[in-house]
file input31.cif (mmCIF, C-alpha atoms and all ligand atoms)
data_work
#
loop_
_atom_site.label_atom_id
_atom_site.label_comp_id
_atom_site.auth_asym_id
_atom_site.auth_seq_id
_atom_site.Cartn_x
_atom_site.Cartn_y
_atom_site.Cartn_z
CA MET A 1 5.42 5.74 -3.66
CA LEU A 2 7.90 6.69 -1.00
CA LYS A 3 6.02 4.38 1.32
CA ASP A 4 7.91 2.23 3.75
CA GLU A 5 7.30 -1.44 4.05
CA SER A 6 7.93 -2.75 7.48
CA GLY A 7 10.14 -5.72 8.09
CA LYS A 8 12.91 -5.54 10.57
CA THR A 9 16.57 -6.14 10.11
CA GLU A 10 18.54 -8.23 12.49
CA ASN A 11 22.25 -8.87 12.68
CA CYS A 12 23.22 -5.38 13.74
CA LEU A 13 26.92 -5.11 14.28
CA ASP A 14 28.04 -1.90 15.84
CA PHE A 15 30.47 -0.18 13.51
CA ARG A 16 31.46 3.43 13.93
CA HIS A 17 32.40 5.79 11.16
CA SER A 18 32.27 9.53 10.64
CA HIS A 19 29.91 9.02 7.73
CA VAL A 20 27.55 6.14 8.44
CA ALA A 21 25.98 4.84 5.26
CA VAL A 22 22.36 3.69 5.30
CA LEU A 23 21.92 -0.02 6.18
CA LEU A 24 25.69 -0.29 6.59
CA ASN A 25 25.58 -3.01 9.25
CA GLU A 26 23.26 -5.10 7.14
CA VAL A 27 25.43 -4.76 4.01
CA LEU A 28 28.55 -5.71 5.98
CA TYR A 29 26.76 -8.70 7.46
CA TRP A 30 25.76 -10.03 4.04
CA ILE A 31 29.02 -9.22 2.26
CA SER A 32 31.18 -10.49 5.20
CA PRO A 33 34.32 -8.72 3.96
CA ASP A 34 37.46 -10.79 4.31
CA GLN A 35 41.14 -10.50 3.49
CA GLY A 36 42.21 -11.39 -0.01
CA LYS A 37 38.72 -10.75 -1.42
CA SER A 38 37.67 -8.11 -3.92
CA TYR A 39 34.69 -5.79 -3.88
CA ILE A 40 33.04 -3.17 -6.04
CA ASP A 41 31.17 -0.19 -4.61
CA CYS A 42 29.24 1.18 -7.60
CA THR A 43 28.01 4.25 -5.68
CA LEU A 44 30.88 5.56 -3.57
CA GLY A 45 29.20 8.74 -2.33
CA MET A 46 31.03 9.79 0.83
CA SER A 47 32.98 6.50 0.86
CA GLY A 48 31.44 5.39 4.16
CA MET A 49 30.54 1.95 2.93
CA ALA A 50 33.72 1.62 0.86
CA GLU A 51 35.92 2.43 3.83
CA MET A 52 34.23 -0.18 6.00
CA LEU A 53 34.63 -2.79 3.27
CA LEU A 54 38.35 -1.95 3.16
CA GLN A 55 38.76 -1.95 6.93
CA GLU A 56 36.96 -5.24 7.34
CA SER A 57 38.90 -6.90 4.54
CA ALA A 58 42.33 -5.78 5.81
CA PRO A 59 45.13 -6.34 5.11
CA SER A 60 44.67 -7.50 1.54
CA GLY A 61 41.05 -6.99 0.41
CA ARG A 62 40.70 -4.84 -2.73
CA LEU A 63 38.01 -2.38 -3.69
CA LEU A 64 36.96 -0.73 -6.92
CA GLY A 65 34.91 2.41 -6.25
CA ILE A 66 32.78 4.12 -8.87
CA ASP A 67 30.74 7.33 -8.78
CA ARG A 68 29.38 9.55 -11.52
CA ASP A 69 29.93 12.59 -9.31
CA ALA A 70 33.47 13.96 -9.73
CA GLU A 71 33.29 15.54 -6.25
CA ALA A 72 32.60 12.14 -4.68
CA ILE A 73 35.62 10.69 -6.46
CA ALA A 74 37.81 13.63 -5.37
CA GLN A 75 36.69 13.10 -1.77
CA ALA A 76 37.24 9.34 -2.05
CA HIS A 77 40.86 9.96 -3.11
CA GLN A 78 41.36 11.67 0.26
CA VAL A 79 39.24 9.46 2.51
CA LEU A 80 40.56 6.23 1.05
CA ALA A 81 44.19 7.39 0.69
CA PRO A 82 45.34 5.22 3.64
CA TYR A 83 44.26 2.15 1.65
CA HIS A 84 45.83 3.36 -1.59
CA GLU A 85 47.34 0.18 -2.95
CA ARG A 86 44.10 -1.69 -2.26
CA VAL A 87 41.81 0.81 -3.98
CA GLU A 88 40.93 1.70 -7.56
CA LEU A 89 38.65 4.69 -8.13
CA ARG A 90 36.83 5.55 -11.34
CA HIS A 91 34.65 8.50 -12.26
CA GLY A 92 31.84 7.11 -14.39
CA ASN A 93 28.31 5.87 -14.68
CA PHE A 94 27.75 2.42 -13.23
CA THR A 95 25.82 1.55 -16.37
CA SER A 96 29.35 1.00 -17.76
CA LEU A 97 30.20 -1.29 -14.84
CA LYS A 98 31.30 -4.22 -16.95
CA ALA A 99 33.80 -2.20 -19.00
CA ILE A 100 35.06 -0.30 -15.94
CA ALA A 101 35.49 -3.48 -13.87
CA GLU A 102 37.26 -5.36 -16.66
CA GLU A 103 39.61 -2.45 -17.32
CA ALA A 104 40.42 -2.21 -13.60
CA GLY A 105 40.93 -5.97 -13.28
CA PHE A 106 37.91 -6.61 -11.05
CA THR A 107 36.23 -9.74 -12.39
CA HIS A 108 35.08 -12.74 -10.33
CA VAL A 109 34.61 -10.44 -7.38
CA ASP A 110 33.24 -11.39 -3.96
CA GLY A 111 30.78 -8.57 -3.40
CA ILE A 112 29.15 -5.71 -5.29
CA VAL A 113 27.19 -2.90 -3.64
CA PHE A 114 24.74 -0.41 -5.12
CA ASP A 115 23.48 2.28 -2.72
CA LEU A 116 21.27 4.08 -5.20
CA GLY A 117 20.08 7.66 -5.41
CA VAL A 118 21.64 10.90 -4.28
CA SER A 119 24.15 11.45 -1.48
CA SER A 120 23.83 13.75 1.52
CA PRO A 121 26.33 16.29 0.14
CA GLN A 122 24.48 16.39 -3.18
CA LEU A 123 21.22 17.08 -1.36
CA SER A 124 22.60 19.52 1.14
CA GLN A 125 24.70 21.75 -1.11
CA ALA A 126 22.45 24.49 -2.48
CA GLU A 127 24.61 24.91 -5.57
CA ARG A 128 23.87 21.35 -6.70
CA GLY A 129 20.22 22.29 -7.15
CA PHE A 130 18.62 19.14 -5.71
CA SER A 131 16.92 20.77 -2.75
CA PHE A 132 13.75 22.83 -2.65
CA MET A 133 14.72 23.85 0.90
CA LYS A 134 17.71 25.85 -0.32
CA ASP A 135 17.85 28.38 -3.11
CA GLY A 136 20.34 27.43 -5.78
CA PRO A 137 20.78 26.98 -9.52
CA LEU A 138 18.34 24.40 -10.90
CA ASP A 139 21.03 21.86 -11.82
CA MET A 140 20.27 18.42 -10.29
CA ARG A 141 22.95 16.59 -12.27
CA MET A 142 24.90 14.01 -10.30
CA ASP A 143 27.55 14.22 -13.02
CA GLN A 144 28.07 17.90 -13.69
CA SER A 145 30.41 17.18 -16.59
CA THR A 146 27.65 16.01 -18.88
CA GLY A 147 24.00 16.28 -19.89
CA PRO A 148 21.39 19.00 -19.53
CA THR A 149 20.67 20.61 -16.18
CA ALA A 150 17.14 20.48 -14.78
CA ALA A 151 16.71 24.11 -15.91
CA GLU A 152 17.64 23.16 -19.50
CA PHE A 153 15.49 20.06 -19.31
CA LEU A 154 12.44 22.17 -18.36
CA LEU A 155 13.02 24.58 -21.22
CA HIS A 156 12.28 22.14 -24.01
CA ILE A 157 10.14 19.30 -22.71
CA SER A 158 6.52 19.13 -23.91
CA GLU A 159 3.75 19.68 -21.38
CA LYS A 160 2.45 16.13 -21.92
CA ALA A 161 5.85 14.52 -21.43
CA LEU A 162 6.45 16.59 -18.31
CA GLU A 163 3.08 15.62 -16.89
CA ARG A 164 3.90 11.95 -17.49
CA ILE A 165 7.28 12.27 -15.76
CA LEU A 166 5.73 13.97 -12.73
CA ARG A 167 3.04 11.31 -12.53
CA GLU A 168 5.29 8.27 -13.12
CA TYR A 169 8.46 9.27 -11.30
CA GLY A 170 6.90 11.40 -8.59
CA GLU A 171 3.41 9.92 -8.31
CA GLU A 172 2.36 13.56 -8.17
CA ARG A 173 -1.42 13.79 -8.22
CA PHE A 174 -1.30 17.40 -9.40
CA ALA A 175 1.02 16.50 -12.28
CA LYS A 176 -1.23 18.10 -14.89
CA ARG A 177 -1.55 21.42 -13.05
CA ILE A 178 2.16 21.59 -12.24
CA ALA A 179 3.22 20.72 -15.81
CA ARG A 180 0.87 23.39 -17.18
CA ALA A 181 2.20 26.00 -14.73
CA ILE A 182 5.83 25.20 -15.58
CA VAL A 183 5.19 25.48 -19.31
CA GLU A 184 3.36 28.79 -18.84
CA GLU A 185 6.08 30.23 -16.63
CA ARG A 186 9.08 29.08 -18.60
CA GLN A 187 8.93 31.97 -21.08
CA GLU A 188 11.26 33.36 -18.52
CA PRO A 189 13.55 30.33 -17.98
CA ILE A 190 13.20 28.66 -14.58
CA THR A 191 16.78 28.70 -13.40
CA THR A 192 16.54 28.45 -9.60
CA THR A 193 15.18 25.89 -7.14
CA SER A 194 13.23 28.57 -5.28
CA ARG A 195 11.43 29.76 -8.41
CA LEU A 196 10.47 26.20 -9.34
CA SER A 197 9.27 25.57 -5.80
CA GLU A 198 7.16 28.73 -5.91
CA ILE A 199 5.62 27.73 -9.26
CA ILE A 200 4.70 24.33 -7.79
CA ARG A 201 3.25 25.98 -4.69
CA ARG A 202 0.99 28.19 -6.73
CA ALA A 203 -0.08 25.34 -9.02
CA ILE A 204 -1.53 23.12 -6.32
CA PRO A 205 -4.67 23.68 -4.25
CA ILE A 206 -4.13 25.42 -0.91
CA PRO A 207 -5.13 22.45 1.34
CA ALA A 208 -2.69 20.19 -0.54
CA ARG A 209 0.17 22.57 0.29
CA ARG A 210 -0.08 21.59 3.95
CA GLY A 211 0.36 17.83 3.66
CA ARG A 212 2.89 15.65 5.46
CA LEU A 213 5.25 15.84 2.51
CA HIS A 214 6.51 19.21 1.35
CA TYR A 215 4.49 20.18 -1.74
CA ALA A 216 7.61 20.27 -3.95
CA THR A 217 8.97 16.86 -2.90
CA ARG A 218 7.37 14.77 -5.62
CA THR A 219 8.14 17.17 -8.46
CA PHE A 220 11.78 17.53 -7.40
CA GLN A 221 12.13 13.75 -7.11
CA ALA A 222 10.56 13.18 -10.53
CA LEU A 223 12.78 15.79 -12.18
CA ARG A 224 15.90 14.41 -10.54
CA ILE A 225 15.13 10.90 -11.75
CA ALA A 226 14.50 12.17 -15.28
CA VAL A 227 17.53 14.49 -15.46
CA ASN A 228 19.89 11.74 -14.26
CA GLY A 229 18.17 8.89 -16.13
CA GLU A 230 18.21 7.07 -12.79
CA LEU A 231 16.12 4.13 -13.90
CA ASP A 232 17.75 3.75 -17.31
CA GLY A 233 19.97 0.72 -17.50
CA LEU A 234 19.45 -0.33 -13.88
CA ALA A 235 18.15 -3.79 -14.82
CA ASP A 236 21.01 -4.26 -17.30
CA VAL A 237 23.68 -3.26 -14.80
CA LEU A 238 22.31 -5.73 -12.25
CA ARG A 239 22.68 -8.45 -14.90
CA ASP A 240 26.25 -7.29 -15.57
CA ALA A 241 27.02 -7.18 -11.85
CA SER A 242 25.77 -10.76 -11.46
CA SER A 243 28.09 -11.89 -14.23
CA LEU A 244 31.07 -10.16 -12.54
CA LEU A 245 30.57 -12.09 -9.30
CA GLY A 246 32.53 -15.24 -8.62
CA PRO A 247 30.61 -18.23 -7.22
CA GLY A 248 29.32 -17.34 -3.75
CA GLY A 249 29.84 -13.62 -4.44
CA ARG A 250 27.08 -11.36 -3.14
CA LEU A 251 25.16 -8.51 -4.67
CA CYS A 252 23.60 -5.91 -2.33
CA VAL A 253 21.27 -3.26 -3.70
CA ILE A 254 19.74 -0.45 -1.64
CA ALA A 255 16.85 1.39 -3.30
CA PHE A 256 15.21 4.52 -1.96
CA HIS A 257 11.96 4.60 -3.87
CA SER A 258 9.51 2.04 -5.08
CA LEU A 259 10.22 2.50 -8.81
CA GLU A 260 13.85 1.57 -8.25
CA ASP A 261 13.03 -1.24 -5.84
CA ARG A 262 10.55 -2.73 -8.31
CA ILE A 263 13.28 -2.95 -10.97
CA VAL A 264 15.67 -4.58 -8.48
CA LYS A 265 13.01 -7.07 -7.36
CA HIS A 266 12.03 -8.08 -10.90
CA THR A 267 15.61 -8.35 -12.14
CA PHE A 268 16.62 -10.46 -9.13
CA ARG A 269 13.62 -12.67 -9.78
CA GLU A 270 14.58 -13.06 -13.46
CA LEU A 271 18.21 -13.87 -12.59
CA SER A 272 17.19 -16.46 -10.00
CA ALA A 273 14.62 -18.20 -12.21
CA LYS A 274 14.93 -21.88 -13.05
CA PRO A 275 16.16 -23.78 -15.02
CA SER A 276 19.54 -22.03 -14.98
CA PRO A 277 19.61 -19.43 -12.21
CA LEU A 278 22.61 -17.17 -11.93
CA LEU A 279 21.60 -15.86 -8.52
CA SER A 280 20.02 -17.21 -5.39
CA LEU A 281 17.94 -14.71 -3.41
CA LEU A 282 19.08 -14.30 0.17
CA THR A 283 16.41 -11.80 1.21
CA LYS A 284 12.87 -12.89 0.39
CA LYS A 285 11.58 -9.51 1.52
CA PRO A 286 13.68 -6.37 1.38
CA LEU A 287 15.44 -5.40 4.59
CA THR A 288 14.65 -1.99 5.98
CA PRO A 289 16.49 0.14 8.56
CA THR A 290 15.85 -0.54 12.24
CA ARG A 291 13.70 1.93 14.10
CA GLU A 292 16.87 3.19 15.76
CA GLU A 293 18.53 3.89 12.40
CA GLN A 294 15.40 5.62 11.13
CA ARG A 295 15.41 7.80 14.23
CA ARG A 296 19.08 8.65 13.84
CA ASN A 297 18.82 9.22 10.11
CA PRO A 298 15.34 10.10 8.83
CA ARG A 299 16.60 9.88 5.23
CA SER A 300 17.06 6.14 5.73
CA ARG A 301 13.32 5.61 6.19
CA SER A 302 12.50 4.62 2.62
CA ALA A 303 15.61 2.44 2.11
CA LYS A 304 15.20 -1.18 1.07
CA LEU A 305 18.04 -3.66 0.77
CA ARG A 306 17.89 -6.78 -1.38
CA VAL A 307 20.70 -9.32 -1.40
CA ALA A 308 21.46 -12.16 -3.79
CA GLU A 309 24.30 -14.65 -4.16
CA ARG A 310 25.99 -15.90 -7.31
CA VAL A 311 25.28 -19.60 -7.65
CA THR A 312 26.98 -20.82 -10.81
CA GLY A 313 30.43 -20.42 -12.26
CA GLU A 314 29.13 -19.68 -15.73
CA ARG A 315 29.04 -16.17 -17.09
CA SER A 316 25.80 -14.88 -18.53
CA GLY A 317 27.52 -13.19 -21.47
C1 LIG A 401 23.29 7.24 -1.60
S1 LIG A 401 24.82 7.79 -2.20
C2 LIG A 401 25.94 6.50 -1.72
C3 LIG A 401 26.42 6.65 -0.33
C4 LIG A 401 27.59 5.74 -0.02
N1 LIG A 401 27.19 4.34 0.09
C5 LIG A 401 28.32 6.17 1.22
O1 LIG A 401 28.68 5.31 2.05
O2 LIG A 401 28.57 7.38 1.38
C6 LIG A 401 24.68 7.49 -3.91
C7 LIG A 401 25.88 7.86 -4.74
O3 LIG A 401 25.75 7.14 -5.96
C8 LIG A 401 26.12 7.95 -7.03
N2 LIG A 401 25.40 7.44 -8.20
C9 LIG A 401 24.05 7.41 -8.40
N3 LIG A 401 23.76 6.89 -9.59
C10 LIG A 401 24.96 6.55 -10.17
C11 LIG A 401 25.31 5.97 -11.40
N4 LIG A 401 24.39 5.64 -12.33
N5 LIG A 401 26.62 5.74 -11.65
C12 LIG A 401 27.57 6.07 -10.73
N6 LIG A 401 27.29 6.65 -9.56
C13 LIG A 401 25.99 6.90 -9.27
C14 LIG A 401 25.72 9.34 -6.63
O4 LIG A 401 26.49 10.30 -7.30
C15 LIG A 401 25.99 9.32 -5.12
O5 LIG A 401 27.27 9.81 -4.83
#
call {"tool": "encode", "arguments": {"input": "input31.cif", "output": "structure tokens"}}
result
Amino acid sequence: MLKDESGKTENCLDFRHSHVAVLLNEVLYWISPDQGKSYIDCTLGMSGMAEMLLQESAPSGRLLGIDRDAEAIAQAHQVLAPYHERVELRHGNFTSLKAIAEEAGFTHVDGIVFDLGVSSPQLSQAERGFSFMKDGPLDMRMDQSTGPTAAEFLLHISEKALERILREYGEERFAKRIARAIVEERQEPITTTSRLSEIIRRAIPIPARRGRLHYATRTFQALRIAVNGELDGLADVLRDASSLLGPGGRLCVIAFHSLEDRIVKHTFRELSAKPSPLLSLLTKKPLTPTREEQRRNPRSRSAKLRVAERVTGERSG
């Protein structure tokens, strides 16, 4: 979990942008944006990748941008305003990609990008509740217009189910102790990141508190994945994305943890299987950031990019 596989990327173009998305050069290399083509960015975030796709496909390339975070969409309206007639933006979950793309008129597209996980602003704003480094309300929802917050989630979940989530989504070896501590402490609802972090700290043995990873990392990751249902529907949306690509269209997926990457790998394998493959795999092994990118942006360290190309004109249904 959270381990990096080595394997170096090549093909590094040197693009500059105020917000540089992870593995941006590699995505641009594989998508090769061009005028007259159409693209979908399923995870707009700070629009870094989307803006480069628009710039590189000037003057006539089109882009549909999706994010489940209303703040990301609001920011995209500003950042991408100069490209207005070439851009469609939608607030929504990419699990509805097919419906969103069809409604927006983006079928038979030339490239689709998923840059999974949370964005820097989500992580860095205390009030979003993703970070154990900053005290804030225990929210953790990427889409704050729907669903229970992490605080509400912790109120009702059974100890067993919580232990399983911490073990499976966080590979937390002290899952049992942490789940027990949370259930004991929640008589007074756990509503802040700092209180949860303190409960975790007290639940684990003292030597384990001093490891390379912060002691709350795995629990916060597991909770975030559960609260946002991050793995739900990922395989299905990759199938839908493949069916939205025109022949030769490319699908780029960046995963930040091994659970996600495993789903991408297996789904790509399924979609490229004989006798009637829909995709051809362009990256046998996932691409990872160069050492230079990892140095510049430590958050990029666990990123893995897989790329596939649409090979037939038939739609999978
Ligand atoms: C790592 S950031 C993307 C960064 C982006 N490529 C850029 O250049 O700034 C991930 C974004 O995907 C969004 N996201 C994650 N899961 C999503 C989902 N199921 N549906 C829609 N958006 C999602 C998050 O809200 C976040 O803004």
call {"tool": "axis_aligned_box", "arguments": {"input": "input31.cif", "around": "ligand LIG 401 (chain A)", "padding_each_side": "8 Å", "output": "AutoDock Vina command-line options"}}
result
--center_x 26.0 --center_y 7.3 --center_z -5.1 --size_x 21.4 --size_y 22.0 --size_z 30.4
call {"tool": "residues_around", "arguments": {"input": "input31.cif", "residues": "Leu97 of chain A", "least_positions_apart": "4", "cutoff": "8 Å", "atoms": "all atoms listed in the file", "output": "PDB file with C-alpha atoms, keeping the file's coordinate frame"}}
result
ATOM      1  CA  CYS A  42      29.240   1.180  -7.600  1.00  0.00           C
ATOM      2  CA  ASN A  93      28.310   5.870 -14.680  1.00  0.00           C
ATOM      3  CA  ALA A 101      35.490  -3.480 -13.870  1.00  0.00           C
ATOM      4  CA  VAL A 237      23.680  -3.260 -14.800  1.00  0.00           C
ATOM      5  CA  ASP A 240      26.250  -7.290 -15.570  1.00  0.00           C
ATOM      6  CA  ALA A 241      27.020  -7.180 -11.850  1.00  0.00           C
TER       7      ALA A 241
END
call {"tool": "closest_residue", "arguments": {"input": "input31.cif", "among": "A:Leu259, A:Ile190, A:Ala175, A:Leu245", "to": "Gly117 of chain A", "atoms": "only C-alpha atoms"}}
result
A:Leu259
call {"tool": "closest_residue", "arguments": {"input": "input31.cif", "among": "A:Ala151, A:Leu282, A:Leu138, A:Leu223", "to": "Ser194 of chain A", "atoms": "all atoms listed in the file"}}
result
A:Leu138
call {"tool": "residues_near_ligand", "arguments": {"input": "input31.cif", "ligand": "ligand LIG 401 (chain A)", "cutoff": "6 Å", "atoms": "all atoms listed in the file", "output": "PyMOL selection string"}}
result
chain A and resi 21+43-49+66-69+72+92-95+115-119+142
call {"tool": "write_last_selection", "arguments": {"input": "input31.cif", "atoms": "C-alpha atoms", "output": "compact mmCIF listing (two decimals), in the coordinates of the input"}}
result
# COMPACT_ATOMS: atom_id res chain seq x y z
CA ALA A 21 25.98 4.84 5.26
CA THR A 43 28.01 4.25 -5.68
CA LEU A 44 30.88 5.56 -3.57
CA GLY A 45 29.20 8.74 -2.33
CA MET A 46 31.03 9.79 0.83
CA SER A 47 32.98 6.50 0.86
CA GLY A 48 31.44 5.39 4.16
CA MET A 49 30.54 1.95 2.93
CA ILE A 66 32.78 4.12 -8.87
CA ASP A 67 30.74 7.33 -8.78
CA ARG A 68 29.38 9.55 -11.52
CA ASP A 69 29.93 12.59 -9.31
CA ALA A 72 32.60 12.14 -4.68
CA GLY A 92 31.84 7.11 -14.39
CA ASN A 93 28.31 5.87 -14.68
CA PHE A 94 27.75 2.42 -13.23
CA THR A 95 25.82 1.55 -16.37
CA ASP A 115 23.48 2.28 -2.72
CA LEU A 116 21.27 4.08 -5.20
CA GLY A 117 20.08 7.66 -5.41
CA VAL A 118 21.64 10.90 -4.28
CA SER A 119 24.15 11.45 -1.48
CA MET A 142 24.90 14.01 -10.30
call {"tool": "closest_residue", "arguments": {"input": "input31.cif", "among": "A:Ala161, A:Ala76, A:Ile40, A:Ala235", "to": "Ile100 of chain A", "atoms": "all atoms listed in the file"}}
result
A:Ile40
call {"tool": "atom_distance", "arguments": {"input": "input31.cif", "atom1": "atom CA of Ile31 of chain A", "atom2": "atom CA of Gly61 of chain A"}}
result
12.4 Å
call {"tool": "residues_around", "arguments": {"input": "input31.cif", "residues": "Ala255 of chain A", "least_positions_apart": "5", "cutoff": "12 Å", "atoms": "only C-alpha atoms", "output": "number ranges by chain"}}
result
A: 2, 4, 22-23, 43, 113-118, 230-231, 234, 260-265, 286-289, 300-307
call {"tool": "residues_near_point", "arguments": {"input": "input31.cif", "point": "(42.3, -1.6, 4.8)", "cutoff": "12 Å", "atoms": "all atoms listed in the file", "output": "list of chain:residue names"}}
result
A:Pro33, A:Asp34, A:Gln35, A:Gly36, A:Lys37, A:Ser38, A:Ala50, A:Glu51, A:Met52, A:Leu53, A:Leu54, A:Gln55, A:Glu56, A:Ser57, A:Ala58, A:Pro59, A:Ser60, A:Gly61, A:Arg62, A:Leu63, A:Val79, A:Leu80, A:Ala81, A:Pro82, A:Tyr83, A:His84, A:Glu85, A:Arg86, A:Val87
call {"tool": "residues_near_point", "arguments": {"input": "input31.cif", "point": "(21.5, -10.9, -12.7)", "cutoff": "7 Å", "atoms": "only C-alpha atoms", "output": "MDAnalysis selection string"}}
result
chainID A and resid 238:243 267:268 271 278:279
call {"tool": "atom_distance", "arguments": {"input": "input31.cif", "atom1": "atom CA of Met133 of chain A", "atom2": "atom CA of Thr217 of chain A"}}
result
9.8 Å
call {"tool": "atom_distance", "arguments": {"input": "input31.cif", "atom1": "atom CA of Pro137 of chain A", "atom2": "atom CA of Lys160 of chain A"}}
result
24.6 Å
call {"tool": "closest_residue", "arguments": {"input": "input31.cif", "among": "A:Glu152, A:Glu168, A:Asp110, A:Glu26", "to": "Glu309 of chain A", "atoms": "all atoms listed in the file"}}
result
A:Asp110
call {"tool": "closest_residue", "arguments": {"input": "input31.cif", "among": "A:Arg291, A:Arg269, A:His91, A:His214", "to": "Ser145 of chain A", "atoms": "all atoms listed in the file"}}
result
A:His91
call {"tool": "residues_around", "arguments": {"input": "input31.cif", "residues": "Gln187 of chain A", "least_positions_apart": "4", "cutoff": "10 Å", "atoms": "only C-alpha atoms", "output": "list of chain:residue names"}}
result
A:Leu155, A:Ile182, A:Val183
call {"tool": "decode", "arguments": {"input": "input31.cif", "residues": "segment 256-274 of chain A", "atoms": "N, CA and C atoms", "output": "tab-separated table (two decimals), in the first residue's frame"}}
result
chain	number	residue	atom	x	y	z
A	256	PHE	N	-3.48	6.92	-7.37
A	256	PHE	CA	-2.54	7.33	-6.32
A	256	PHE	C	-2.38	6.29	-5.22
A	257	HIS	N	-3.13	5.23	-5.27
A	257	HIS	CA	-2.86	4.15	-4.32
A	257	HIS	C	-3.15	2.81	-4.98
A	258	SER	N	-2.60	1.78	-4.37
A	258	SER	CA	-2.57	0.49	-5.05
A	258	SER	C	-3.96	-0.13	-5.24
A	259	LEU	N	-4.92	0.21	-4.37
A	259	LEU	CA	-6.28	-0.34	-4.54
A	259	LEU	C	-6.88	0.17	-5.84
A	260	GLU	N	-6.72	1.48	-6.05
A	260	GLU	CA	-7.22	2.10	-7.27
A	260	GLU	C	-6.49	1.54	-8.49
A	261	ASP	N	-5.17	1.50	-8.39
A	261	ASP	CA	-4.37	1.06	-9.54
A	261	ASP	C	-4.70	-0.38	-9.92
A	262	ARG	N	-4.98	-1.20	-8.93
A	262	ARG	CA	-5.33	-2.60	-9.20
A	262	ARG	C	-6.62	-2.67	-10.03
A	263	ILE	N	-7.59	-1.84	-9.68
A	263	ILE	CA	-8.86	-1.83	-10.44
A	263	ILE	C	-8.60	-1.38	-11.88
A	264	VAL	N	-7.77	-0.35	-12.03
A	264	VAL	CA	-7.46	0.15	-13.39
A	264	VAL	C	-6.77	-0.95	-14.18
A	265	LYS	N	-5.78	-1.59	-13.57
A	265	LYS	CA	-5.01	-2.63	-14.26
A	265	LYS	C	-5.92	-3.78	-14.71
A	266	HIS	N	-6.77	-4.26	-13.80
A	266	HIS	CA	-7.63	-5.39	-14.13
A	266	HIS	C	-8.67	-5.03	-15.19
A	267	THR	N	-9.22	-3.81	-15.08
A	267	THR	CA	-10.24	-3.42	-16.05
A	267	THR	C	-9.62	-3.22	-17.43
A	268	PHE	N	-8.44	-2.63	-17.48
A	268	PHE	CA	-7.73	-2.48	-18.76
A	268	PHE	C	-7.46	-3.86	-19.36
A	269	ARG	N	-7.06	-4.78	-18.50
A	269	ARG	CA	-6.75	-6.13	-18.98
A	269	ARG	C	-8.01	-6.77	-19.57
A	270	GLU	N	-9.12	-6.62	-18.85
A	270	GLU	CA	-10.41	-7.19	-19.32
A	270	GLU	C	-10.80	-6.57	-20.67
A	271	LEU	N	-10.65	-5.24	-20.78
A	271	LEU	CA	-11.10	-4.55	-22.00
A	271	LEU	C	-10.16	-4.78	-23.19
A	272	SER	N	-8.97	-5.31	-22.90
A	272	SER	CA	-8.02	-5.55	-24.00
A	272	SER	C	-7.91	-7.04	-24.32
A	273	ALA	N	-8.79	-7.84	-23.68
A	273	ALA	CA	-8.69	-9.30	-23.86
A	273	ALA	C	-9.24	-9.73	-25.20
A	274	LYS	N	-8.61	-10.75	-25.78
A	274	LYS	CA	-9.12	-11.35	-27.01
A	274	LYS	C	-10.35	-12.18	-26.67
